[in-house]
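Engineer: Got a structure for you, written out below as structure tokens; questions coming shortly.
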Amino acid sequence: MTCREYRDLMMAFLDQELDGPQRKAFEDHIAGCRGCAEELAQFQQLKTLTDRVTLTEPEDRIWQQYWDNVYNRIERGLGWMLFSIAAILLILYGGFKAIETIVTDPAVGLFLKITLLALIAGVGVLFVSVARERLYFWKRERYKDVRR
Amino acid sequence: MNGVCENQVALEWTRAVDSREAFEAFVKTHMRQAYAVALGLVGNHEDALELSQEAFARAYQHRGTLNAHGKFFPWFYQILRNLCFSHLRKRQVRQAESLDADPECPIQVQARDGSDPEALAEQNETTARLWRAIGRLDEKHREVIILRHFQNLSYDQMAQLLFCNKGTVTSRLYYARQRLKELLDDEKGGQGV
């Protein structure tokens with residue numbers, strides 16, 4: 001085995017992830033290779049430093065409130081979903097009623113009615129076009145199933 | 001993870017979806033680990049709390065995507081890490097703060113050397129230096145350092161969480177530690193770790 005291959009074992013050696021024969025082979029190599037031994041010593045120094053520290057824990061009251069906060073988020077998420085669906089439906093219904101009122105009102109001029117209908121048709125065409133483009137690219141996305 | 005058999009975890013999760021109490025118990029079992037991972041990835045307490053709680057809420061909302069025999073923690077971990085990384089990217093875009101701009105260092109020395117103020121100051125400086133260096137690692141390297149050093153996960157457990165093989169874990173750890181060593185050298189002005 002080359003030094004490069006032994007280097008692959010170095011991390012597993014440091015973290016005590018090697019089995020008996022692998023560990024023995026690695027130790028034999030280190031005994032005769034100054035470069036790898038020096039590199040191992042540096043990594044060991046780093047590991048000693050990282051092993052000495054630990055993440056600080058928050059106060060107990062944080063843990064006591066933790067579940068309540070998660071539950072509030074779940075509840076709020078449901079609330080927002082219902083609110084959004086209802087708001088969209090109301091906006092659509094209100095918009096439809098407003099357009100209907102304007103279009104059927106004899107007092108509103110023909111020019112305004114045609115302009116309004118053209119505006120609605122334009123928004124509709126734009127929406128369909130963007131949706132179709134998105135769908136087209138999504139179907140041809142080669143990496144869509146790759147887990148990131 | 002932490003010694004909990006995956007079958008038990010799956011069973012726990014299956015029970016959890018059935019009732020609020022079971023899900024509560026489930027969250028309480030895993031909240032410390034979720035928080036610790038988030039803290040390691042994003043670097044400050046408030047964001048770690050927010051993100052870990054949000055990850056549980058999303059896991060609950062998307063529980064239908066976990067199949068009955070699925071392994072819960074790797075599945076949950078994907079939600080948590082995606083939230084953390086997306087948060088970090090937004091933070092980078094805002095450029096309003098960075099890991100090393102966080103005034104509070106969330107790591108401490110396990111056993112402090114008595115009450116000698118000089119030794120204490122040196123220990124604090126060393127931990128702050130280490131934390132700054134970890135914060136400068138890129139996402140993938142920081143992740144393996146956090147999982148290995150602050151979560152004490154084995155290579156097998158890490159491979160399971162990261163959806164890769166043990167070889168990838170080993171090589172990622174090698175480059176992460178090498179980079180960490182360089183960053184610590186830079187911090188100390190080239191005087192070694």
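Going by the structure tokens order, chains are called A, B, ..., each with residues numbered from 1, while ligands are numbered from 1 in the order shown.
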Extract the full set of alpha helix (DSSP H) residues from range 17-114 of chain A according to DSSP on the backbone, and format it as a PyMOL selection string.

Structural biologist: chain A and resi 20-32+34-52+60-104+110-114

Engineer: Store the residues of this selection in a file with C-alpha atoms, as a CSV table (one decimal), in the first residue's frame.

Structural biologist:
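Saved result, selection05.csv, follows:
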```csv
chain,number,residue,atom,x,y,z
A,20,GLY,CA,-7.5,-5.3,14.5
A,21,PRO,CA,-5.5,-6.2,11.3
A,22,GLN,CA,-6.1,-2.8,9.7
A,23,ARG,CA,-4.9,-1.1,12.8
A,24,LYS,CA,-1.8,-3.3,13.0
A,25,ALA,CA,-1.0,-2.6,9.3
A,26,PHE,CA,-1.4,1.1,9.9
A,27,GLU,CA,0.7,1.2,13.0
A,28,ASP,CA,3.5,-0.8,11.2
A,29,HIS,CA,3.4,1.8,8.4
A,30,ILE,CA,3.5,4.7,10.7
A,31,ALA,CA,6.5,3.2,12.5
A,32,GLY,CA,8.5,3.3,9.3
A,34,ARG,CA,8.2,9.8,8.9
A,35,GLY,CA,5.8,11.9,6.7
A,36,CYS,CA,2.7,10.0,7.7
A,37,ALA,CA,3.8,9.9,11.3
A,38,GLU,CA,4.1,13.7,11.3
A,39,GLU,CA,0.8,14.2,9.7
A,40,LEU,CA,-0.8,11.8,12.1
A,41,ALA,CA,0.7,13.7,15.1
A,42,GLN,CA,-0.8,17.0,13.8
A,43,PHE,CA,-4.2,15.4,13.4
A,44,GLN,CA,-3.9,13.9,16.9
A,45,GLN,CA,-3.2,17.3,18.3
A,46,LEU,CA,-6.3,18.7,16.5
A,47,LYS,CA,-8.4,15.8,17.8
A,48,THR,CA,-7.2,16.4,21.4
A,49,LEU,CA,-8.4,20.0,21.0
A,50,THR,CA,-11.8,19.1,19.5
A,51,ASP,CA,-12.3,16.3,22.1
A,52,ARG,CA,-11.9,18.8,24.9
A,60,ASP,CA,-33.8,24.2,31.4
A,61,ARG,CA,-36.6,26.6,30.8
A,62,ILE,CA,-35.8,26.4,27.1
A,63,TRP,CA,-36.4,22.7,27.1
A,64,GLN,CA,-39.6,23.1,29.1
A,65,GLN,CA,-41.0,25.4,26.4
A,66,TYR,CA,-39.6,23.5,23.5
A,67,TRP,CA,-42.6,21.2,22.8
A,68,ASP,CA,-45.0,24.1,23.2
A,69,ASN,CA,-43.1,26.0,20.6
A,70,VAL,CA,-43.2,23.0,18.2
A,71,TYR,CA,-46.9,22.5,18.8
A,72,ASN,CA,-47.6,26.2,18.2
A,73,ARG,CA,-45.7,26.0,14.9
A,74,ILE,CA,-47.8,23.0,13.8
A,75,GLU,CA,-51.0,24.8,14.8
A,76,ARG,CA,-49.9,28.0,13.2
A,77,GLY,CA,-49.0,26.1,10.0
A,78,LEU,CA,-52.5,24.7,9.8
A,79,GLY,CA,-53.9,28.1,10.5
A,80,TRP,CA,-51.9,29.7,7.8
A,81,MET,CA,-52.9,27.0,5.3
A,82,LEU,CA,-56.6,27.4,6.0
A,83,PHE,CA,-56.3,31.2,5.9
A,84,SER,CA,-54.4,31.1,2.6
A,85,ILE,CA,-56.9,28.8,0.9
A,86,ALA,CA,-59.8,30.9,2.2
A,87,ALA,CA,-58.2,34.1,1.1
A,88,ILE,CA,-57.5,32.8,-2.4
A,89,LEU,CA,-61.0,31.6,-2.8
A,90,LEU,CA,-62.5,34.9,-1.5
A,91,ILE,CA,-60.2,36.9,-3.8
A,92,LEU,CA,-61.2,34.8,-6.8
A,93,TYR,CA,-64.9,35.0,-5.9
A,94,GLY,CA,-64.7,38.7,-5.2
A,95,GLY,CA,-62.8,39.3,-8.4
A,96,PHE,CA,-65.3,37.2,-10.4
A,97,LYS,CA,-68.3,39.1,-8.8
A,98,ALA,CA,-66.6,42.5,-9.5
A,99,ILE,CA,-66.0,41.6,-13.1
A,100,GLU,CA,-69.5,40.3,-13.5
A,101,THR,CA,-70.9,43.5,-12.1
A,102,ILE,CA,-68.8,45.7,-14.4
A,103,VAL,CA,-69.5,43.6,-17.5
A,104,THR,CA,-73.3,43.4,-16.9
A,110,LEU,CA,-68.1,49.3,-23.9
A,111,PHE,CA,-64.5,50.5,-24.1
A,112,LEU,CA,-63.9,49.8,-20.4
A,113,LYS,CA,-65.6,46.4,-20.6
A,114,ILE,CA,-63.5,45.3,-23.6
```

Engineer: What are the residues of chain B that have an atom within 8 Å of an atom of chain A, counting only C-alpha atoms, as number ranges by chain?

Structural biologist: B: 24, 27-28, 31, 36, 45, 53-54, 56-58, 60-61, 106-111, 127, 130, 149-150, 154-155, 170-171, 173-174, 177-178, 181, 193

Engineer: Within 9 Å of Val169 in chain B, counting only C-alpha atoms, which residues show up once you throw out same-chain ones fewer than 5 positions away? Write them as a PyMOL selection string, please.

Structural biologist: chain B and resi 144+155-156+158-159+162+164+174
